[in-house]
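Visitor: Pasting work_17.pdb below, which is PDB, C-alpha atoms and all ligand atoms.
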ATOM      1  CA  MET A   1     -18.001   6.019  14.051
ATOM      2  CA  SER A   2     -17.158   5.209  10.477
ATOM      3  CA  SER A   3     -20.119   5.115   8.082
ATOM      4  CA  THR A   4     -19.573   1.652   6.603
ATOM      5  CA  PRO A   5     -19.146  -1.108   9.145
ATOM      6  CA  ALA A   6     -16.024  -3.201   8.639
ATOM      7  CA  VAL A   7     -16.137  -6.707   7.233
ATOM      8  CA  LEU A   8     -13.287  -9.119   7.828
ATOM      9  CA  GLU A   9     -12.812 -11.938   5.377
ATOM     10  CA  ALA A  10     -10.314 -14.811   5.407
ATOM     11  CA  THR A  11     -10.063 -16.887   2.258
ATOM     12  CA  ASP A  12      -8.267 -20.217   2.037
ATOM     13  CA  VAL A  13      -5.679 -19.273   4.648
ATOM     14  CA  TRP A  14      -2.659 -21.484   5.152
ATOM     15  CA  ALA A  15      -0.053 -20.904   7.849
ATOM     16  CA  GLY A  16       2.612 -22.665   9.858
ATOM     17  CA  TYR A  17       5.961 -22.333  11.541
ATOM     18  CA  GLY A  18       8.235 -24.311   9.225
ATOM     19  CA  GLY A  19       6.824 -27.791   9.957
ATOM     20  CA  PRO A  20       3.488 -29.224   8.840
ATOM     21  CA  PRO A  21       0.905 -26.481   8.259
ATOM     22  CA  VAL A  22      -1.065 -25.392  11.308
ATOM     23  CA  LEU A  23      -3.807 -23.885   9.157
ATOM     24  CA  ALA A  24      -4.539 -25.624   5.877
ATOM     25  CA  GLY A  25      -7.238 -23.776   3.991
ATOM     26  CA  VAL A  26      -9.341 -21.829   6.473
ATOM     27  CA  SER A  27     -12.022 -19.375   5.365
ATOM     28  CA  LEU A  28     -14.425 -17.227   7.366
ATOM     29  CA  THR A  29     -16.289 -13.937   7.309
ATOM     30  CA  LEU A  30     -16.926 -11.685  10.301
ATOM     31  CA  ARG A  31     -19.432  -8.839  10.127
ATOM     32  CA  PRO A  32     -20.667  -6.365  12.725
ATOM     33  CA  GLY A  33     -23.376  -8.094  14.735
ATOM     34  CA  ASP A  34     -21.870 -11.580  14.250
ATOM     35  CA  ALA A  35     -20.870 -13.547  17.330
ATOM     36  CA  LEU A  36     -18.621 -16.285  16.081
ATOM     37  CA  GLY A  37     -16.677 -18.856  18.089
ATOM     38  CA  VAL A  38     -13.619 -20.803  17.008
ATOM     39  CA  LEU A  39     -13.522 -23.954  19.082
ATOM     40  CA  GLY A  40     -10.571 -26.290  19.145
ATOM     41  CA  ARG A  41      -8.351 -28.204  21.501
ATOM     42  CA  SER A  42      -5.085 -26.748  22.750
ATOM     43  CA  GLY A  43      -2.417 -26.358  20.065
ATOM     44  CA  VAL A  44      -4.812 -26.695  17.151
ATOM     45  CA  GLY A  45      -4.025 -23.230  15.774
ATOM     46  CA  LYS A  46      -6.580 -20.855  17.290
ATOM     47  CA  SER A  47      -4.038 -18.204  18.306
ATOM     48  CA  THR A  48      -2.340 -18.514  14.942
ATOM     49  CA  LEU A  49      -5.658 -17.819  13.248
ATOM     50  CA  VAL A  50      -6.423 -14.833  15.477
ATOM     51  CA  GLU A  51      -2.949 -13.402  14.825
ATOM     52  CA  ILE A  52      -3.464 -13.710  11.089
ATOM     53  CA  LEU A  53      -6.950 -12.199  11.208
ATOM     54  CA  GLY A  54      -5.661  -9.269  13.263
ATOM     55  CA  GLY A  55      -2.753  -8.641  10.893
ATOM     56  CA  GLY A  56      -0.034  -9.646  13.402
ATOM     57  CA  MET A  57       1.147 -12.600  11.309
ATOM     58  CA  ARG A  58       1.125 -13.297   7.579
ATOM     59  CA  ALA A  59      -0.569 -16.274   6.024
ATOM     60  CA  SER A  60       1.708 -18.384   3.843
ATOM     61  CA  GLN A  61      -1.138 -18.726   1.335
ATOM     62  CA  GLY A  62      -4.571 -17.237   0.973
ATOM     63  CA  HIS A  63      -5.561 -13.801   2.146
ATOM     64  CA  VAL A  64      -7.317 -11.807   4.829
ATOM     65  CA  THR A  65      -9.070  -8.571   3.982
ATOM     66  CA  LEU A  66     -10.768  -5.869   5.998
ATOM     67  CA  ASP A  67     -13.247  -4.009   3.818
ATOM     68  CA  GLY A  68     -11.595  -5.619   0.814
ATOM     69  CA  VAL A  69      -8.103  -4.298   1.688
ATOM     70  CA  PRO A  70      -5.489  -6.927   2.658
ATOM     71  CA  VAL A  71      -4.907  -6.790   6.418
ATOM     72  CA  GLY A  72      -1.348  -5.643   7.110
ATOM     73  CA  LYS A  73      -1.191  -3.689   3.832
ATOM     74  CA  THR A  74      -3.257  -0.743   4.945
ATOM     75  CA  PRO A  75      -1.895   2.590   3.683
ATOM     76  CA  ARG A  76      -0.127   4.463   6.480
ATOM     77  CA  ARG A  77      -2.662   7.308   6.555
ATOM     78  CA  ARG A  78      -5.496   4.824   7.259
ATOM     79  CA  ARG A  79      -3.750   2.663   9.865
ATOM     80  CA  LYS A  80      -5.182   4.370  12.961
ATOM     81  CA  GLU A  81      -8.682   4.195  11.554
ATOM     82  CA  VAL A  82      -8.324   0.522  10.635
ATOM     83  CA  LYS A  83      -6.828  -0.326  14.026
ATOM     84  CA  ALA A  84      -9.791   1.331  15.682
ATOM     85  CA  ARG A  85     -12.246  -0.697  13.619
ATOM     86  CA  LEU A  86     -10.669  -4.080  14.285
ATOM     87  CA  ARG A  87      -9.348  -4.825  17.771
ATOM     88  CA  THR A  88      -7.582  -7.920  19.008
ATOM     89  CA  VAL A  89      -7.216  -8.969  22.629
ATOM     90  CA  HIS A  90      -4.406 -11.477  22.793
ATOM     91  CA  GLN A  91      -4.253 -14.471  25.065
ATOM     92  CA  ASN A  92      -1.920 -12.861  27.608
ATOM     93  CA  GLY A  93      -4.114  -9.758  27.646
ATOM     94  CA  LEU A  94      -1.199  -7.367  27.944
ATOM     95  CA  ALA A  95      -0.009  -6.733  24.409
ATOM     96  CA  GLY A  96       0.040  -2.991  23.801
ATOM     97  CA  ILE A  97      -0.801  -2.090  27.400
ATOM     98  CA  ASP A  98       1.646  -0.059  29.483
ATOM     99  CA  THR A  99       1.825  -1.770  32.869
ATOM    100  CA  GLN A 100       2.909   1.491  34.516
ATOM    101  CA  ARG A 101      -0.353   3.233  33.584
ATOM    102  CA  THR A 102      -3.283   3.123  35.963
ATOM    103  CA  VAL A 103      -6.481   1.379  34.986
ATOM    104  CA  GLU A 104      -8.188   4.752  34.580
ATOM    105  CA  GLU A 105      -5.404   6.088  32.343
ATOM    106  CA  THR A 106      -5.542   2.902  30.280
ATOM    107  CA  ILE A 107      -9.263   3.269  29.601
ATOM    108  CA  LEU A 108      -8.982   7.040  29.027
ATOM    109  CA  ASP A 109      -6.154   6.383  26.553
ATOM    110  CA  ALA A 110      -8.482   4.008  24.700
ATOM    111  CA  PHE A 111     -11.202   6.664  24.504
ATOM    112  CA  LYS A 112      -8.651   9.177  23.241
ATOM    113  CA  GLU A 113      -7.288   6.778  20.643
ATOM    114  CA  ALA A 114     -10.803   6.099  19.397
ATOM    115  CA  ARG A 115     -11.639   9.805  19.161
ATOM    116  CA  LYS A 116      -8.446  10.434  17.194
ATOM    117  CA  ALA A 117      -9.600   7.747  14.776
ATOM    118  CA  GLY A 118     -12.894   9.593  14.341
ATOM    119  CA  ARG A 119     -15.036   7.388  16.568
ATOM    120  CA  THR A 120     -17.547   8.572  19.138
ATOM    121  CA  THR A 121     -16.948   7.475  22.746
ATOM    122  CA  ASN A 122     -18.980   7.984  25.915
ATOM    123  CA  ASN A 123     -15.873   8.566  28.093
ATOM    124  CA  ASP A 124     -17.465   6.664  30.959
ATOM    125  CA  VAL A 125     -14.640   4.781  32.682
ATOM    126  CA  GLU A 126     -16.927   3.303  35.323
ATOM    127  CA  ALA A 127     -19.273   1.834  32.701
ATOM    128  CA  ALA A 128     -16.321   0.490  30.693
ATOM    129  CA  LEU A 129     -15.038  -1.357  33.763
ATOM    130  CA  ALA A 130     -18.486  -2.534  34.837
ATOM    131  CA  VAL A 131     -18.840  -4.570  31.619
ATOM    132  CA  VAL A 132     -15.951  -6.747  32.756
ATOM    133  CA  GLY A 133     -17.044  -6.813  36.381
ATOM    134  CA  LEU A 134     -14.370  -4.470  37.726
ATOM    135  CA  PRO A 135     -15.528  -2.006  40.388
ATOM    136  CA  ILE A 136     -14.562   1.660  40.167
ATOM    137  CA  ARG A 137     -12.024   1.299  42.995
ATOM    138  CA  PHE A 138      -9.664  -0.316  40.439
ATOM    139  CA  VAL A 139      -9.138   2.995  38.622
ATOM    140  CA  THR A 140      -6.135   4.004  40.688
ATOM    141  CA  ARG A 141      -4.341   0.650  40.371
ATOM    142  CA  ARG A 142      -1.379   0.357  38.035
ATOM    143  CA  VAL A 143      -1.998  -2.356  35.433
ATOM    144  CA  GLY A 144       1.248  -4.064  36.464
ATOM    145  CA  THR A 145      -0.122  -4.671  39.970
ATOM    146  CA  LEU A 146      -3.270  -6.458  38.822
ATOM    147  CA  SER A 147      -3.866 -10.201  38.958
ATOM    148  CA  GLY A 148      -3.899 -12.176  35.694
ATOM    149  CA  GLY A 149      -7.691 -12.274  35.576
ATOM    150  CA  GLU A 150      -7.982  -8.553  36.338
ATOM    151  CA  ARG A 151      -5.521  -7.753  33.559
ATOM    152  CA  GLN A 152      -7.463  -9.836  31.081
ATOM    153  CA  ARG A 153     -10.579  -7.915  32.043
ATOM    154  CA  VAL A 154      -8.857  -4.531  31.695
ATOM    155  CA  ALA A 155      -7.572  -5.590  28.262
ATOM    156  CA  ILE A 156     -11.114  -6.438  27.153
ATOM    157  CA  ALA A 157     -12.551  -3.242  28.673
ATOM    158  CA  ARG A 158      -9.879  -1.233  26.890
ATOM    159  CA  ALA A 159     -10.631  -2.866  23.548
ATOM    160  CA  LEU A 160     -14.371  -2.306  23.962
ATOM    161  CA  ALA A 161     -13.792   1.316  25.021
ATOM    162  CA  THR A 162     -12.396   2.026  21.565
ATOM    163  CA  ARG A 163     -15.806   1.048  20.105
ATOM    164  CA  PRO A 164     -14.472  -1.214  17.367
ATOM    165  CA  ASP A 165     -16.636  -2.635  14.577
ATOM    166  CA  LEU A 166     -14.995  -6.006  15.103
ATOM    167  CA  LEU A 167     -13.392  -7.538  18.177
ATOM    168  CA  LEU A 168     -11.186 -10.626  18.208
ATOM    169  CA  LEU A 169     -10.716 -12.334  21.584
ATOM    170  CA  ASP A 170      -8.118 -15.080  21.981
ATOM    171  CA  GLU A 171      -8.866 -17.274  25.021
ATOM    172  CA  PRO A 172     -10.389 -14.433  27.034
ATOM    173  CA  LEU A 173     -11.116 -14.743  30.765
ATOM    174  CA  THR A 174      -9.008 -17.901  31.199
ATOM    175  CA  ALA A 175      -7.616 -16.487  34.450
ATOM    176  CA  VAL A 176     -11.061 -15.577  35.809
ATOM    177  CA  ASP A 177     -13.139 -17.948  38.035
ATOM    178  CA  GLN A 178     -15.748 -19.991  36.206
ATOM    179  CA  SER A 179     -18.683 -18.370  38.056
ATOM    180  CA  MET A 180     -17.504 -14.834  37.398
ATOM    181  CA  ARG A 181     -16.495 -15.741  33.850
ATOM    182  CA  GLU A 182     -20.062 -16.547  32.891
ATOM    183  CA  GLU A 183     -21.415 -13.326  34.327
ATOM    184  CA  ILE A 184     -18.765 -11.252  32.540
ATOM    185  CA  ALA A 185     -19.348 -13.176  29.311
ATOM    186  CA  ASP A 186     -23.048 -12.280  29.504
ATOM    187  CA  ASP A 187     -22.234  -8.597  30.026
ATOM    188  CA  ILE A 188     -19.772  -8.552  27.126
ATOM    189  CA  ARG A 189     -22.335 -10.293  24.964
ATOM    190  CA  ALA A 190     -25.002  -7.743  25.840
ATOM    191  CA  LEU A 191     -22.670  -4.853  25.007
ATOM    192  CA  VAL A 192     -21.477  -6.210  21.676
ATOM    193  CA  ARG A 193     -25.096  -6.947  20.756
ATOM    194  CA  ALA A 194     -26.237  -3.453  21.720
ATOM    195  CA  ASP A 195     -23.374  -1.822  19.817
ATOM    196  CA  GLY A 196     -23.540  -4.200  16.832
ATOM    197  CA  ILE A 197     -19.891  -5.173  17.265
ATOM    198  CA  GLY A 198     -18.770  -8.280  15.373
ATOM    199  CA  LEU A 199     -17.184 -10.670  17.839
ATOM    200  CA  LEU A 200     -14.852 -13.587  17.197
ATOM    201  CA  VAL A 201     -13.840 -15.652  20.219
ATOM    202  CA  ALA A 202     -11.221 -18.374  19.914
ATOM    203  CA  SER A 203     -11.314 -20.765  22.840
ATOM    204  CA  HIS A 204     -11.302 -24.329  24.050
ATOM    205  CA  ASP A 205     -13.785 -23.257  26.758
ATOM    206  CA  VAL A 206     -17.095 -24.579  25.446
ATOM    207  CA  ARG A 207     -19.192 -23.010  28.199
ATOM    208  CA  LEU A 208     -17.705 -19.613  27.417
ATOM    209  CA  LEU A 209     -18.454 -20.017  23.712
ATOM    210  CA  ASP A 210     -21.981 -21.067  24.622
ATOM    211  CA  ARG A 211     -22.430 -17.740  26.439
ATOM    212  CA  LEU A 212     -20.655 -15.500  23.964
ATOM    213  CA  THR A 213     -21.429 -16.763  20.491
ATOM    214  CA  ASP A 214     -24.288 -17.583  18.109
ATOM    215  CA  ARG A 215     -22.299 -19.934  15.949
ATOM    216  CA  VAL A 216     -19.046 -21.834  16.185
ATOM    217  CA  LEU A 217     -16.471 -23.162  13.760
ATOM    218  CA  VAL A 218     -14.607 -26.205  15.035
ATOM    219  CA  LEU A 219     -10.929 -26.112  14.121
ATOM    220  CA  ALA A 220      -9.157 -29.469  13.809
ATOM    221  CA  ASP A 221      -6.483 -30.860  11.528
ATOM    222  CA  GLY A 222      -5.852 -27.408  10.048
ATOM    223  CA  THR A 223      -9.394 -26.729   8.853
ATOM    224  CA  PHE A 224     -12.892 -26.057  10.077
ATOM    225  CA  VAL A 225     -14.441 -29.478  10.428
ATOM    226  CA  GLU A 226     -17.869 -28.413  11.709
ATOM    227  CA  SER A 227     -19.921 -25.254  11.921
ATOM    228  CA  GLY A 228     -23.245 -24.117  13.305
ATOM    229  CA  PRO A 229     -24.837 -23.062  16.578
ATOM    230  CA  LEU A 230     -22.738 -24.636  19.350
ATOM    231  CA  ARG A 231     -25.458 -26.797  20.856
ATOM    232  CA  ASP A 232     -26.512 -28.093  17.431
ATOM    233  CA  VAL A 233     -22.900 -28.998  16.646
ATOM    234  CA  LEU A 234     -22.545 -30.793  19.978
ATOM    235  CA  ARG A 235     -25.816 -32.681  19.529
ATOM    236  CA  ASP A 236     -24.562 -34.257  16.319
ATOM    237  CA  PRO A 237     -20.761 -34.147  16.464
ATOM    238  CA  GLN A 238     -18.932 -35.508  13.432
ATOM    239  CA  HIS A 239     -15.244 -35.073  14.225
ATOM    240  CA  PRO A 240     -13.621 -37.070  17.065
ATOM    241  CA  ASP A 241     -12.529 -33.814  18.794
ATOM    242  CA  THR A 242     -16.111 -32.549  18.813
ATOM    243  CA  GLN A 243     -17.418 -35.934  19.903
ATOM    244  CA  ALA A 244     -15.052 -35.833  22.885
ATOM    245  CA  VAL A 245     -16.237 -32.337  23.825
ATOM    246  CA  ALA A 246     -19.891 -33.345  23.482
ATOM    247  CA  ALA A 247     -19.384 -36.417  25.667
ATOM    248  CA  SER A 248     -17.841 -34.283  28.409
ATOM    249  CA  LEU A 249     -20.648 -31.702  28.450
ATOM    250  CA  PRO A 250     -23.974 -33.530  28.425
ATOM    251  CA  GLU A 251     -25.728 -30.502  29.927
ATOM    252  CA  LEU A 252     -25.151 -28.613  26.677
ATOM    253  CA  THR A 253     -26.490 -31.375  24.470
ATOM    254  CA  GLY A 254     -29.618 -32.240  26.411
ATOM    255  CA  GLY A 255     -28.077 -35.564  27.408
ATOM    256  CA  ARG A 256     -27.733 -36.934  30.919
ATOM    257  CA  PRO A 257     -24.531 -36.351  32.864
ATOM    258  CA  PRO A 258     -22.139 -39.315  32.853
ATOM    259  CA  ALA A 259     -22.766 -41.774  35.717
TER     260      ALA A 259
HETATM  261  N1  LIG B   1       6.358 -19.317  17.219
HETATM  262  C1  LIG B   1       6.103 -20.612  16.997
HETATM  263  N2  LIG B   1       7.060 -21.432  16.519
HETATM  264  C2  LIG B   1       6.834 -22.745  16.292
HETATM  265  N3  LIG B   1       5.653 -23.341  16.507
HETATM  266  C3  LIG B   1       4.652 -22.582  16.991
HETATM  267  C4  LIG B   1       4.829 -21.175  17.253
HETATM  268  N4  LIG B   1       3.664 -20.684  17.724
HETATM  269  C5  LIG B   1       2.804 -21.729  17.744
HETATM  270  N5  LIG B   1       3.399 -22.854  17.318
HETATM  271  C6  LIG B   1       2.776 -24.187  17.189
HETATM  272  O1  LIG B   1       1.677 -24.081  16.310
HETATM  273  C7  LIG B   1       0.600 -24.880  16.759
HETATM  274  C8  LIG B   1      -0.639 -23.991  16.939
HETATM  275  O2  LIG B   1      -0.390 -23.085  18.004
HETATM  276  P1  LIG B   1      -1.489 -22.061  18.490
HETATM  277  O3  LIG B   1      -0.899 -21.270  19.595
HETATM  278  O4  LIG B   1      -2.014 -21.316  17.329
HETATM  279  O5  LIG B   1      -2.624 -23.055  19.023
HETATM  280  P2  LIG B   1      -3.860 -22.765  19.990
HETATM  281  O6  LIG B   1      -4.985 -23.562  19.447
HETATM  282  O7  LIG B   1      -4.063 -21.315  20.144
HETATM  283  O8  LIG B   1      -3.346 -23.386  21.352
HETATM  284  P3  LIG B   1      -3.751 -22.996  22.873
HETATM  285  O9  LIG B   1      -5.223 -23.241  22.989
HETATM  286  O10 LIG B   1      -2.924 -23.953  23.676
HETATM  287  O11 LIG B   1      -3.363 -21.574  23.065
HETATM  288  C9  LIG B   1       1.047 -25.544  18.034
HETATM  289  O12 LIG B   1       1.499 -26.831  17.731
HETATM  290  C10 LIG B   1       2.197 -24.674  18.499
HETATM  291  O13 LIG B   1       3.145 -25.406  19.240
END
Could you quickly redo this structure as C-alpha cells?
Ligand SMILES: Nc1ncnc2c1ncn2[C@@H]1O[C@H](COP(=O)(O)OP(=O)(O)OP(=O)(O)O)[C@@H](O)[C@H]1O
Guide:
Amino acid sequence: MSSTPAVLEATDVWAGYGGPPVLAGVSLTLRPGDALGVLGRSGVGKSTLVEILGGGMRASQGHVTLDGVPVGKTPRRRRKEVKARLRTVHQNGLAGIDTQRTVEETILDAFKEARKAGRTTNNDVEAALAVVGLPIRFVTRRVGTLSGGERQRVAIARALATRPDLLLLDEPLTAVDQSMREEIADDIRALVRADGIGLLVASHDVRLLDRLTDRVLVLADGTFVESGPLRDVLRDPQHPDTQAVAASLPELTGGRPPA
C-alpha cells in the first residue's frame, strides 16, 4: 500500500457533448475514509462526472487532480500505481473485464495487478466474493455466462480486490434485487470503512445511497444544488428534484407514507 493516501479533487469542472453543458462548475474532494454520494435523476450527468473523475473523459474547463497531479496526465511510469489507487466501476460493470475469464481468474488477476502496483493483498478469493454476496461456487463460471447483477457484483469485487485508496461506483447494483442490494451495500460499506477506502457512489437510488454514504451532493442543472447527510437533505429539500425525491420516500425523512 502506498504511504500517502490518495486525494481526488475536482475544481470548477465543466463538461458536455457539444450542446448545453452537462456539468457547469462542479467541485468536490474525495479522501480515503469518505463515503460520498452523488444523487441526481436520470440524465443529469452523474456518469459524465464519474468518467471525468476517473480520467476517462476530459473536462472542457476546470480540472481534476489525484494527489495534485491532473488525472489523465500521469507520467507513464506511474500509471499502474495511480490506476491501483483510484478504481472506477462503470455502470455496465464490464469495462476492462475479459468475459472469457472465470470469476476466480478475474479476482486473482486483480490481486496480481495490485501486487504489481506495490499494494498488499490477502489473495482470498472467497472473501472477495463474499463481500458482494457471491458464493464460492461462482469461481468456475466464465464472466460472460453471468447474469447482469452477478457481473456487476464481480466488477465491484474485482475493484475492491485491488485495494484502492478511492473507489468510484457508477449506478452499482442496479441489476440486483432490492432486498439483496441492501445487504450487499452494507457489506461493501463495512469493507470500505474497515480499509479506509474513499467511496464515491453516483446513483438515482436513494435507498442505496442511504446505505452506502455519509453525505450526498445533489446534482441538478449542471451543479451541486444541495449537500449534506442524505436524510438531512431530504428533511429540508430546496431544489424541486430533491423535493420530489423526499416526497416519494417519507420513511427516510421521518414523515408518514403517502395515503
Ligand atoms: N456520448 C454522448 N453524446 C451525447 N450526449 C451524451 C453522451 N453521453 C451522455 N450524453 C448526454 O449527457 C447527459 C448526461 O448523461 P449522463 O449519462 O452523464 O447522465 P446520468 O445522470 O448518468 O444518467 P443515468 O442515470 O440515466 O445513467 C444526458 O442528457 C445524456 O443524454
Visitor: Would you work out the distance separating atom CA of Ala6 of chain A from atom CA of Arg119 of chain A, expressed in Å to one decimal?
Guide: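 These atoms are spaced 13.3 Å apart.
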Visitor: Using 10 Å as the limit and counting only C-alpha atoms and all ligand atoms, can you tabulate each residue of chain A that touches ligand LIG 1 (chain B), with its shortest atom-to-atom distance in Å and the two atoms involved, as a Markdown table?
Guide:
| residue | atom | partner | partner_atom | distance |
| --- | --- | --- | --- | --- |
| A:Ala15 | CA | B:LIG1 | O1 | 9.2 |
| A:Gly16 | CA | B:LIG1 | O1 | 6.7 |
| A:Tyr17 | CA | B:LIG1 | C2 | 4.8 |
| A:Gly18 | CA | B:LIG1 | C2 | 7.4 |
| A:Gly19 | CA | B:LIG1 | N3 | 8.0 |
| A:Pro20 | CA | B:LIG1 | O1 | 9.2 |
| A:Pro21 | CA | B:LIG1 | O1 | 8.4 |
| A:Val22 | CA | B:LIG1 | C7 | 5.7 |
| A:Leu23 | CA | B:LIG1 | C8 | 8.4 |
| A:Val38 | CA | B:LIG1 | O6 | 9.4 |
| A:Leu39 | CA | B:LIG1 | O6 | 8.6 |
| A:Gly40 | CA | B:LIG1 | O6 | 6.2 |
| A:Arg41 | CA | B:LIG1 | O9 | 6.1 |
| A:Ser42 | CA | B:LIG1 | O9 | 3.5 |
| A:Gly43 | CA | B:LIG1 | O8 | 3.4 |
| A:Val44 | CA | B:LIG1 | O6 | 3.9 |
| A:Gly45 | CA | B:LIG1 | O4 | 3.2 |
| A:Lys46 | CA | B:LIG1 | O6 | 3.8 |
| A:Ser47 | CA | B:LIG1 | O7 | 3.6 |
| A:Thr48 | CA | B:LIG1 | O4 | 3.7 |
| A:Leu49 | CA | B:LIG1 | O4 | 6.5 |
| A:Val50 | CA | B:LIG1 | O4 | 8.1 |
| A:Glu51 | CA | B:LIG1 | O4 | 8.4 |
| A:Ile52 | CA | B:LIG1 | O4 | 9.9 |
| A:Gln91 | CA | B:LIG1 | O11 | 7.4 |
| A:Asn92 | CA | B:LIG1 | O11 | 9.9 |
| A:Asp170 | CA | B:LIG1 | O7 | 7.7 |
| A:Glu171 | CA | B:LIG1 | O11 | 7.3 |
| A:Ala202 | CA | B:LIG1 | O7 | 7.7 |
| A:Ser203 | CA | B:LIG1 | O9 | 6.6 |
| A:His204 | CA | B:LIG1 | O9 | 6.3 |
| A:Asp205 | CA | B:LIG1 | O9 | 9.4 |
| A:Leu219 | CA | B:LIG1 | O6 | 8.4 |
| A:Ala220 | CA | B:LIG1 | O6 | 9.2 |
| A:Gly222 | CA | B:LIG1 | C8 | 9.3 |
Visitor: Compare A:Lys73, A:Glu113, A:Ser147, A:Ala155 by their minimum atom-to-atom distance to Asp98 of chain A, counting all atoms listed in the file, and give me the closest one.
Guide: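 Closest candidate: A:Ala155.
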Visitor: What do you get, as a list of chain:residue names, if you spell out every residue that the PyMOL selection byres (((chain A and resi 165) around 9) and not hetatm) selects here?
Guide: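 This file, filtered by the PyMOL selection byres (((chain A and resi 165) around 9) and not hetatm), leaves A:Met1, A:Ser2, A:Pro5, A:Ala6, A:Val7, A:Arg31, A:Pro32, A:Gly33, A:Ala84, A:Arg85, A:Leu86, A:Arg87, A:Arg163, A:Pro164, A:Leu166, A:Leu167, A:Asp195, A:Gly196, A:Ile197, A:Gly198, A:Leu199.
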Visitor: Would you translate the PyMOL selection byres (((chain A and resi 149) around 7) and not hetatm) into the concrete set of residues it matches in this file, as a list in words?
Guide: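 Selected by the PyMOL selection byres (((chain A and resi 149) around 7) and not hetatm) in this file: Ser147, Gly148, Glu150, Arg151, Gln152, Arg153, Leu173, Ala175 and Val176 of chain A.
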Visitor: Selection from above, C-alpha atoms, as a PDB file, in the coordinates of the input, can you write it?
Guide:
ATOM      1  CA  SER A 147      -3.866 -10.201  38.958  1.00  0.00           C
ATOM      2  CA  GLY A 148      -3.899 -12.176  35.694  1.00  0.00           C
ATOM      3  CA  GLU A 150      -7.982  -8.553  36.338  1.00  0.00           C
ATOM      4  CA  ARG A 151      -5.521  -7.753  33.559  1.00  0.00           C
ATOM      5  CA  GLN A 152      -7.463  -9.836  31.081  1.00  0.00           C
ATOM      6  CA  ARG A 153     -10.579  -7.915  32.043  1.00  0.00           C
ATOM      7  CA  LEU A 173     -11.116 -14.743  30.765  1.00  0.00           C
ATOM      8  CA  ALA A 175      -7.616 -16.487  34.450  1.00  0.00           C
ATOM      9  CA  VAL A 176     -11.061 -15.577  35.809  1.00  0.00           C
TER      10      VAL A 176
END
Visitor: Quick one, how far is atom CA of Thr99 of chain A from atom CA of Arg141 of chain A?
Guide: 10.0 Å
Visitor: What are the centre and edge lengths in Å, to one decimal, of the axis-aligned box around all listed atoms of segment 224-243 of chain A with 5 Å added on each side, as lines of an AutoDock Vina configuration file?
Guide:
center_x = -19.5
center_y = -30.1
center_z = 15.5
size_x = 24.0
size_y = 24.0
size_z = 20.8
Visitor: Ile107 of chain A: which residues within 10 Å, counting all atoms listed in the file, same-chain residues fewer than 2 positions away excluded, as a VMD selection string?
Guide: chain A and resid 101 to 105 109 to 113 123 to 126 128 to 129 139 154 to 155 157 to 162
Visitor: Would you output segment 111-134 of chain A from that structure, restricted to C-alpha atoms, as a short mmCIF file (atom, residue, chain, number, x, y, z; two decimals), in the first residue's frame?
Guide:
data_model
loop_
_atom_site.label_atom_id
_atom_site.label_comp_id
_atom_site.auth_asym_id
_atom_site.auth_seq_id
_atom_site.Cartn_x
_atom_site.Cartn_y
_atom_site.Cartn_z
CA PHE A 111 -4.78 -9.33 -6.79
CA LYS A 112 -1.86 -9.70 -9.18
CA GLU A 113 -2.39 -6.26 -10.67
CA ALA A 114 -2.46 -4.74 -7.20
CA ARG A 115 0.73 -6.53 -6.15
CA LYS A 116 2.49 -5.31 -9.29
CA ALA A 117 1.49 -1.79 -8.29
CA GLY A 118 3.10 -2.33 -4.89
CA ARG A 119 -0.06 -2.94 -2.89
CA THR A 120 -0.59 -5.67 -0.32
CA THR A 121 -3.44 -8.12 -1.00
CA ASN A 122 -4.84 -11.00 1.05
CA ASN A 123 -5.37 -13.24 -2.03
CA ASP A 124 -8.60 -14.57 -0.56
CA VAL A 125 -10.97 -15.08 -3.49
CA GLU A 126 -13.76 -16.43 -1.31
CA ALA A 127 -13.69 -13.37 0.96
CA ALA A 128 -13.58 -11.04 -2.06
CA LEU A 129 -16.72 -12.65 -3.46
CA ALA A 130 -18.47 -12.82 -0.09
CA VAL A 131 -18.45 -9.00 0.15
CA VAL A 132 -20.74 -8.86 -2.86
CA GLY A 133 -22.82 -11.84 -1.79
CA LEU A 134 -21.45 -14.31 -4.32
#
